[in-house]
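Enquirer: Once you've had a glance at the structure underneath, I'll fire off some questions.
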Number of protein chains: 4
Amino acid sequence: MKLHKKDVIANAAIEVMSQEGFYSATTDKIANEAGISVGLVYYYFSNKEEILEYIFEKECEKRINFLKQIKASDLHSLLKIRKVLNFHFALVWEDPKVAKIIIRERYLPFCTEGGIQKIGGVPLFLKDTIEEGVKKGELRECNPWIISMAIFGIVEEVLNRYILEAEGGGGTNILEEALDQIFMLLDKGLSA
Amino acid sequence: MKLHKKDVIANAAIEVMSQEGFYSATTDKIANEAGISVGLVYYYFSNKEEILEYIFEKECEKRINFLKQIKASDLHSLLKIRKVLNFHFALVWEDPKVAKIIIRERYLPFCTEGGIQKIGGVPLFLKDTIEEGVKKGELRECNPWIISMAIFGIVEEVLNRYILEAEGGGGTNILEEALDQIFMLLDKGLSA
Amino acid sequence: MKLHKKDVIANAAIEVMSQEGFYSATTDKIANEAGISVGLVYYYFSNKEEILEYIFEKECEKRINFLKQIKASDLHSLLKIRKVLNFHFALVWEDPKVAKIIIRERYLPFCTEGGIQKIGGVPLFLKDTIEEGVKKGELRECNPWIISMAIFGIVEEVLNRYILEAEGGGGTNILEEALDQIFMLLDKGLSA
Amino acid sequence: MKLHKKDVIANAAIEVMSQEGFYSATTDKIANEAGISVGLVYYYFSNKEEILEYIFEKECEKRINFLKQIKASDLHSLLKIRKVLNFHFALVWEDPKVAKIIIRERYLPFCTEGGIQKIGGVPLFLKDTIEEGVKKGELRECNPWIISMAIFGIVEEVLNRYILEAEGGGGTNILEEALDQIFMLLDKGLSA
DNA sequence: AATGAATGAGTTTTCATTCAT
DNA sequence: GATGAATGAAAACTCATTCAT
């Protein structure tokens with residue numbers, strides 16, 4: 001299956017940016033990695049920022065679709081959260097490089113403005129799900145907004161560490177155990 | 001009390017970097033903010049990176065000293081953690097700009113290498129404290145390493161949001177409530 | 001015949017450097033002289049030093065080829081030397097600016113290291129030729145190494161003066177007479 | 001005997017410049033080497049160029065005085081030249097660092113203008129002495145101007161090599177043998 | 001679609017020089 | 001005489017972006 005040229009470029013950008021960061025990833029390096037000319041990069045993207053935005057968007061979309069399904073379902077609120085994080089972790093496991101970029105570059109001036117940092121609506125989903133869980137009596141009283149941040153933060157930090165390890169080549173999968181540990185914490189910590 | 005010139009520069013850098021990020025914070029802007037010439041910046045720091053390192057170090061030292069005291073004390077493990085986070089939040093509350101920089105720039109290539117990202121030994125402290133709590137029977141069985149990441153992640157995300165809000169000017173203090181919420185989560189989630 | 005852009009830049013550099021010396025020859029001036037932008041200079045050369053190295057190399061190659069022919073020939077040793085110096089002088093006569101640069105900038109820190117200063121193997125050629133001349137009985141006993149230095153030094157100084165004159169515009173050709181004088185000295189001074 | 005502060009600075013400059021060249025020898029390095037502050041350098045010299053000029057002048061004076069004596073004497077022209085070169089070599093032998101600087105920096109834009117490069121009138125002395133020798137019938141017919149250049153060039157190149165060797169630490173004294181070789185060349189090459 | 005030479009504004013950094021103390 | 005903090009102009013080099021082909 002031949003990749004659309006836009007994605008060839010995006011993938012090259014992911015490779016370079018995950019290694020050197022957004023600023024050090026020059027368009028020359030990206031074009032080179034993609035095996036094309038600089039000019040062509042600008043045929044498909046109007047500037048360097050847009051490449052990053054494209055990467056973010058593609059990654060977010062994957063979550064959004066999954067989130068819709070889960071939202072519509074009728075599961076226990078904690079299970080919903082577990083399924084989403086599970087899905088999220090699986091994506092990271094498949095492609096840690098994109099994850100690294102998203103985690104590290106999401107505070108870039110032009111990213112913050114666009115609200116990209118919300119990463120596919122995950123935080124909002126978490127907040128809504130917790131709120132709902134409380135209403136349904138599945139979860140104890142709490143501030144859903146703050147708890148959603150907490151969950152989001154836990155996930156990010158774990159991923160961050162995983163990415164650092166993955167770099168070293170040690171590739172052991174802490175993700176799976178982490179998921180268990182997180183859920184034990186949430187289960188005991190949030191159940192009604 | 002007159003500030004040492006090195007700190008005048010560091011403060012100017014904090015101002016500029018917190019607003020525009022490390023890369024957009026040019027030495028010109030920093031010098032300008034500090035009310036001095038570019039040359040003088042290089043009289044006190046041998047390059048731009050060193051300014052950031054200096055900011056990191058100063059901030060880390062504050063934590064390190066406090067951590068030592070807490071470590072030596074004989075409190076319940078969760079209380080130890082609470083005190084440390086409390087202290088940490090207080091520092092952020094006092095100077096959100098530095099916090100913003102530390103959270104956002106800590107993954108810069110040259111920061112990652114030096115291990116600056118450990119932010120004053122906090123993660124290690126958390127892990128040790130949890131381990132000890134488990135041994136003493138204060139906390140249930142768990143993977144202290146992962147749980148410490150979790151706590152660290154919660155804190156970072158909360159601070160991140162706080163900083164974003166603080167920027168908007170709506171300085172309501174979520175920090176205090178966040179601390180309570182986090183501790184309810186940890187208390188219920190980790191107690192033996 | 002259109003010049004390769006790399007040579008356009010090198011020629012501009014020769015113009016500027018011969019007038020102002022390597023250090024005062026800024027990349028801006030060179031680009032300006034070449035009628036291009038600074039950026040393009042760095043597209044063809046990775047730094048300013050490399051421009052000078054390129055100039056040296058091109059000039060050395062011219063000598064090296066000629067030296068090979070002469071070495072292989074079966075002439076009287078003094079005649080070999082005369083032919084080489086003749087050729088060398090002719091090149092200088094054609095392009096005094098490059099000669100000026102080579103003579104004056106060859107002791108720059110980064111030139112000394114690379115051994116560029118040997119100027120196309122001329123000194124070695126001289127030494128070998130004298131050694132051979134002594135063996136063949138064409139020349140009297142002497143220290144070929146020192147004598148080769150002497151010849152090399154004579155040539156350089158004469159060229160140096162010629163270049164200074166040439167600058168003034170008074171392009172009288174001392175080179176030709178100098179060559180005669182030098183050979184009378186060498187002939188009488190070295191013949192067996 | 002306490003050195004005048006001006007000479008302390010000049011000596012420090014000689015140390016630094018002989019190692020790194022005029023351009024890389026910053027006033028900071030010089031002041032540091034001299035054990036004083038930058039400001040003081042500017043109390044004794046009005047700019048960096050003047051330091052070099054001072055070094056040149058001091059060195060030239062040494063030759064000038066000796067030249068006067070020799071000029072006044074009634075020796076064979078070749079002997080006069082030999083004595084002067086002997087003296088010159090002795091000075092270089094004593095202080096190769098200054099020699100290195102003079103040889104290498106004498107073509108700096110601001111040096112060329114001032115005519116510093118004549119190095120104490122040596123070239124002129126050589127020319128005059130040769131002219132006189134020819135008149136007196138001690139030397140064969142020749143172009144004294146060119147021959148003086150030749151002698152001067154021989155000397156410079158030999159010194160250059162000596163300095164390069166001296167740097168390596170090999171310190172063998174080629175100077176003495178060189179002098180003999182040069183004089184055999186001149187004696188045979190120039191005698192009437 | 002595709003190339004890659006060309007641009008030039010912008011950045012970091014250096015360093016001779018000054019001057020208040 | 002002596003200091004060294006302070007200046008700022010100037011230099012090397014980078015890189016996103018354009019455009020003729």
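Ordering of the structure tokens sets the chain letters (A, B, ...); residue numbers start at 1 within each chain; ligands are numbered from 1 in the order shown.
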Lay chain C over chain A using all C-alpha atoms, matched one to one in order, with a least-squares fit; then write it out as an mmCIF file with C-alpha atoms, in the first residue's frame.

Expert:
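Saved as superposed_2.cif:
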```cif
data_model
loop_
_atom_site.group_PDB
_atom_site.id
_atom_site.type_symbol
_atom_site.label_atom_id
_atom_site.label_comp_id
_atom_site.auth_asym_id
_atom_site.auth_seq_id
_atom_site.Cartn_x
_atom_site.Cartn_y
_atom_site.Cartn_z
ATOM 1 C CA MET C 1 0.107 -0.005 -0.153
ATOM 2 C CA LYS C 2 1.781 3.183 -1.267
ATOM 3 C CA LEU C 3 1.767 5.999 1.222
ATOM 4 C CA HIS C 4 0.534 9.426 0.222
ATOM 5 C CA LYS C 5 3.522 11.742 -0.128
ATOM 6 C CA LYS C 6 2.144 13.951 2.603
ATOM 7 C CA ASP C 7 2.424 11.032 4.975
ATOM 8 C CA VAL C 8 5.885 10.138 3.779
ATOM 9 C CA ILE C 9 6.929 13.629 4.792
ATOM 10 C CA ALA C 10 5.031 13.478 8.062
ATOM 11 C CA ASN C 11 6.718 10.189 8.910
ATOM 12 C CA ALA C 12 10.130 11.597 8.136
ATOM 13 C CA ALA C 13 9.295 14.562 10.340
ATOM 14 C CA ILE C 14 8.245 12.211 13.134
ATOM 15 C CA GLU C 15 11.543 10.412 12.851
ATOM 16 C CA VAL C 16 13.605 13.577 12.992
ATOM 17 C CA MET C 17 11.503 15.502 15.490
ATOM 18 C CA SER C 18 11.284 12.630 17.921
ATOM 19 C CA GLN C 19 15.056 12.492 17.960
ATOM 20 C CA GLU C 20 15.979 16.138 17.943
ATOM 21 C CA GLY C 21 12.880 18.087 18.855
ATOM 22 C CA PHE C 22 10.858 20.443 16.713
ATOM 23 C CA TYR C 23 13.359 23.269 16.573
ATOM 24 C CA SER C 24 16.371 21.192 15.677
ATOM 25 C CA ALA C 25 14.416 19.290 13.100
ATOM 26 C CA THR C 26 15.292 21.414 10.088
ATOM 27 C CA THR C 27 13.355 21.181 6.889
ATOM 28 C CA ASP C 28 16.542 19.998 5.246
ATOM 29 C CA LYS C 29 16.846 17.069 7.606
ATOM 30 C CA ILE C 30 13.207 16.176 7.166
ATOM 31 C CA ALA C 31 13.451 16.291 3.392
ATOM 32 C CA ASN C 32 16.583 14.234 3.528
ATOM 33 C CA GLU C 33 15.005 11.643 5.786
ATOM 34 C CA ALA C 34 12.042 11.496 3.433
ATOM 35 C CA GLY C 35 14.355 11.103 0.488
ATOM 36 C CA ILE C 36 13.013 14.145 -1.285
ATOM 37 C CA SER C 37 13.985 17.775 -1.848
ATOM 38 C CA VAL C 38 13.204 20.662 0.496
ATOM 39 C CA GLY C 39 11.025 22.240 -2.108
ATOM 40 C CA LEU C 40 8.687 19.306 -2.088
ATOM 41 C CA VAL C 41 8.135 19.612 1.639
ATOM 42 C CA TYR C 42 6.775 23.069 0.950
ATOM 43 C CA TYR C 43 4.703 21.764 -1.884
ATOM 44 C CA TYR C 44 2.709 19.673 0.569
ATOM 45 C CA PHE C 45 2.915 21.835 3.670
ATOM 46 C CA SER C 46 2.930 25.574 3.739
ATOM 47 C CA ASN C 47 5.381 25.706 6.616
ATOM 48 C CA LYS C 48 7.148 23.649 9.211
ATOM 49 C CA GLU C 49 4.515 24.248 11.858
ATOM 50 C CA GLU C 50 1.891 22.794 9.610
ATOM 51 C CA ILE C 51 3.746 19.501 9.498
ATOM 52 C CA LEU C 52 3.537 19.228 13.243
ATOM 53 C CA GLU C 53 -0.113 20.191 13.219
ATOM 54 C CA TYR C 54 -0.780 17.495 10.660
ATOM 55 C CA ILE C 55 0.933 14.923 12.867
ATOM 56 C CA PHE C 56 -1.105 16.033 15.868
ATOM 57 C CA GLU C 57 -4.344 15.934 13.983
ATOM 58 C CA LYS C 58 -3.865 12.463 12.566
ATOM 59 C CA GLU C 59 -3.011 11.168 16.008
ATOM 60 C CA CYS C 60 -5.960 12.905 17.634
ATOM 61 C CA GLU C 61 -8.410 11.496 15.156
ATOM 62 C CA LYS C 62 -7.507 7.980 16.167
ATOM 63 C CA ARG C 63 -8.546 8.755 19.751
ATOM 64 C CA ILE C 64 -11.630 10.701 18.857
ATOM 65 C CA ASN C 65 -13.228 7.811 17.019
ATOM 66 C CA PHE C 66 -12.584 5.426 19.867
ATOM 67 C CA LEU C 67 -13.848 7.926 22.422
ATOM 68 C CA LYS C 68 -17.149 8.196 20.608
ATOM 69 C CA GLN C 69 -17.740 4.457 20.851
ATOM 70 C CA ILE C 70 -16.878 4.317 24.516
ATOM 71 C CA LYS C 71 -18.999 7.322 25.357
ATOM 72 C CA ALA C 72 -21.996 5.707 23.751
ATOM 73 C CA SER C 73 -21.466 2.432 25.618
ATOM 74 C CA ASP C 74 -23.047 1.470 28.921
ATOM 75 C CA LEU C 75 -20.083 0.393 31.006
ATOM 76 C CA HIS C 76 -19.002 1.134 34.546
ATOM 77 C CA SER C 77 -17.271 4.513 34.567
ATOM 78 C CA LEU C 78 -13.936 3.122 35.710
ATOM 79 C CA LEU C 79 -14.078 0.492 33.034
ATOM 80 C CA LYS C 80 -14.688 3.161 30.410
ATOM 81 C CA ILE C 81 -11.621 4.967 31.592
ATOM 82 C CA ARG C 82 -9.632 1.778 31.612
ATOM 83 C CA LYS C 83 -10.623 0.973 28.058
ATOM 84 C CA VAL C 84 -9.676 4.396 26.828
ATOM 85 C CA LEU C 85 -6.321 4.365 28.544
ATOM 86 C CA ASN C 86 -5.751 0.880 27.290
ATOM 87 C CA PHE C 87 -6.371 2.038 23.761
ATOM 88 C CA HIS C 88 -4.190 5.079 24.273
ATOM 89 C CA PHE C 89 -1.355 2.963 25.626
ATOM 90 C CA ALA C 90 -1.677 0.572 22.737
ATOM 91 C CA LEU C 91 -1.244 3.385 20.260
ATOM 92 C CA VAL C 92 1.808 4.616 22.088
ATOM 93 C CA TRP C 93 3.184 1.110 22.193
ATOM 94 C CA GLU C 94 2.775 0.886 18.451
ATOM 95 C CA ASP C 95 4.317 4.230 17.704
ATOM 96 C CA PRO C 96 6.269 5.705 20.580
ATOM 97 C CA LYS C 97 7.863 8.341 18.381
ATOM 98 C CA VAL C 98 4.666 10.186 17.673
ATOM 99 C CA ALA C 99 3.769 9.936 21.331
ATOM 100 C CA LYS C 100 7.070 11.461 22.264
ATOM 101 C CA ILE C 101 6.506 14.370 19.945
ATOM 102 C CA ILE C 102 2.998 15.008 21.138
ATOM 103 C CA ILE C 103 4.020 14.974 24.772
ATOM 104 C CA ARG C 104 7.052 17.171 24.290
ATOM 105 C CA GLU C 105 6.068 19.677 21.704
ATOM 106 C CA ARG C 106 2.525 20.336 22.733
ATOM 107 C CA TYR C 107 3.430 23.529 24.566
ATOM 108 C CA LEU C 108 5.010 25.220 21.593
ATOM 109 C CA PRO C 109 3.573 28.718 21.269
ATOM 110 C CA PHE C 110 1.643 27.936 18.090
ATOM 111 C CA CYS C 111 0.299 24.670 19.514
ATOM 112 C CA THR C 112 -1.022 26.167 22.719
ATOM 113 C CA GLU C 113 -3.087 28.716 20.843
ATOM 114 C CA GLY C 114 -4.837 26.267 18.605
ATOM 115 C CA GLY C 115 -5.915 24.116 21.513
ATOM 116 C CA ILE C 116 -4.196 21.133 19.973
ATOM 117 C CA GLN C 117 -2.951 20.220 23.384
ATOM 118 C CA LYS C 118 -6.235 18.716 24.327
ATOM 119 C CA ILE C 119 -5.126 15.558 22.588
ATOM 120 C CA GLY C 120 -8.278 14.326 21.106
ATOM 121 C CA GLY C 121 -10.654 15.333 23.836
ATOM 122 C CA VAL C 122 -9.247 12.842 26.320
ATOM 123 C CA PRO C 123 -9.260 15.205 29.318
ATOM 124 C CA LEU C 124 -12.830 16.218 28.662
ATOM 125 C CA PHE C 125 -13.858 12.591 28.276
ATOM 126 C CA LEU C 126 -12.261 11.782 31.612
ATOM 127 C CA LYS C 127 -14.010 14.600 33.377
ATOM 128 C CA ASP C 128 -17.400 13.715 31.915
ATOM 129 C CA THR C 129 -16.994 10.063 32.709
ATOM 130 C CA ILE C 130 -16.054 10.747 36.307
ATOM 131 C CA GLU C 131 -18.924 13.171 36.730
ATOM 132 C CA GLU C 132 -21.286 10.563 35.399
ATOM 133 C CA GLY C 133 -19.769 7.899 37.639
ATOM 134 C CA VAL C 134 -20.340 10.070 40.666
ATOM 135 C CA LYS C 135 -23.940 10.715 39.684
ATOM 136 C CA LYS C 136 -24.586 7.037 39.131
ATOM 137 C CA GLY C 137 -23.111 6.326 42.550
ATOM 138 C CA GLU C 138 -20.309 4.255 41.079
ATOM 139 C CA LEU C 139 -17.690 6.692 42.312
ATOM 140 C CA ARG C 140 -17.347 8.607 45.549
ATOM 141 C CA GLU C 141 -17.816 12.354 45.725
ATOM 142 C CA CYS C 142 -14.847 14.238 44.246
ATOM 143 C CA ASN C 143 -13.889 17.147 42.038
ATOM 144 C CA PRO C 144 -14.076 15.515 38.583
ATOM 145 C CA TRP C 145 -12.117 18.245 36.955
ATOM 146 C CA ILE C 146 -9.139 17.816 39.206
ATOM 147 C CA ILE C 147 -9.347 14.064 39.183
ATOM 148 C CA SER C 148 -9.412 14.059 35.418
ATOM 149 C CA MET C 149 -6.256 16.145 35.405
ATOM 150 C CA ALA C 150 -4.720 13.669 37.778
ATOM 151 C CA ILE C 151 -5.467 10.694 35.572
ATOM 152 C CA PHE C 152 -4.274 12.532 32.529
ATOM 153 C CA GLY C 153 -1.092 13.482 34.318
ATOM 154 C CA ILE C 154 -0.424 9.952 35.499
ATOM 155 C CA VAL C 155 -0.729 8.694 31.987
ATOM 156 C CA GLU C 156 1.527 11.310 30.529
ATOM 157 C CA GLU C 157 4.256 10.776 33.019
ATOM 158 C CA VAL C 158 4.178 7.029 32.623
ATOM 159 C CA LEU C 159 4.367 7.408 28.897
ATOM 160 C CA ASN C 160 7.183 9.839 29.204
ATOM 161 C CA ARG C 161 9.229 7.380 31.161
ATOM 162 C CA TYR C 162 8.307 4.590 28.830
ATOM 163 C CA ILE C 163 9.489 6.646 25.905
ATOM 164 C CA LEU C 164 12.785 7.406 27.581
ATOM 165 C CA GLU C 165 13.313 3.705 28.246
ATOM 166 C CA ALA C 166 12.183 2.697 24.782
ATOM 167 C CA GLU C 167 14.843 4.994 23.438
ATOM 168 C CA GLY C 168 17.570 3.234 25.312
ATOM 169 C CA GLY C 169 16.430 0.173 23.465
ATOM 170 C CA GLY C 170 15.368 -1.703 26.550
ATOM 171 C CA GLY C 171 11.899 -2.173 25.222
ATOM 172 C CA THR C 172 10.457 -3.933 28.241
ATOM 173 C CA ASN C 173 6.852 -3.088 28.373
ATOM 174 C CA ILE C 174 6.116 -1.222 31.557
ATOM 175 C CA LEU C 175 2.943 -0.027 29.979
ATOM 176 C CA GLU C 176 1.006 -3.123 30.838
ATOM 177 C CA GLU C 177 2.022 -3.199 34.443
ATOM 178 C CA ALA C 178 1.540 0.538 34.732
ATOM 179 C CA LEU C 179 -2.026 0.173 33.577
ATOM 180 C CA ASP C 180 -2.702 -2.363 36.309
ATOM 181 C CA GLN C 181 -1.122 -0.239 38.973
ATOM 182 C CA ILE C 182 -2.968 2.858 37.897
ATOM 183 C CA PHE C 183 -6.234 1.018 38.032
ATOM 184 C CA MET C 184 -5.673 -0.367 41.401
ATOM 185 C CA LEU C 185 -5.017 3.203 42.527
ATOM 186 C CA LEU C 186 -8.100 4.542 40.820
ATOM 187 C CA ASP C 187 -10.312 1.673 41.881
ATOM 188 C CA LYS C 188 -9.452 1.927 45.537
ATOM 189 C CA GLY C 189 -9.094 5.671 45.424
ATOM 190 C CA LEU C 190 -12.308 6.545 43.673
ATOM 191 C CA SER C 191 -14.833 3.799 44.275
ATOM 192 C CA ALA C 192 -17.886 4.835 46.242
#
```

Enquirer: Find the residues near F:DA10: any atom within 10 Å, counting only C-alpha atoms (C1' of nucleotides), skip ones fewer than 2 places away on the same chain, and give them as a list in words.

Expert: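 Here the answer would be Thr26 of chain C; DT14 and DC15 of chain E; DG8 and DA12 of chain F.
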
Enquirer: Include C-alpha atoms (C1' of nucleotides) and write out the residues we just selected as a PDB file, in the first residue's frame.

Expert:
```pdb
ATOM      1  CA  THR C  26      33.955  38.848   6.000  1.00  0.00           C
TER       2      THR C  26
ATOM      3  C1'  DT E  14      32.893  37.462  20.348  1.00  0.00           C
ATOM      4  C1'  DC E  15      35.864  41.068  21.603  1.00  0.00           C
TER       5       DC E  15
ATOM      6  C1'  DG F   8      27.594  47.422  21.249  1.00  0.00           C
ATOM      7  C1'  DA F  12      29.876  33.718  11.466  1.00  0.00           C
TER       8       DA F  12
END
```

Enquirer: Could you find all residues in chain A that DSSP calls helix (DSSP H, G or I) from the backbone, and write them as a count of residues only?

Expert: 154

Enquirer: If we count only C-alpha atoms (C1' of nucleotides), which residues of chain E reach to within 8 Å of chain A? Please list them as a list in words.

Expert: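 Applying the cut-off to the listed atoms yields DA2, DT3 and DG4 of chain E.
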
Enquirer: When you draw a straight line from atom C1' of E:DT13 to atom C1' of F:DT14, how long is it in Å?

Expert: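 Separation between atom C1' of E:DT13 and atom C1' of F:DT14: 13.5 Å.
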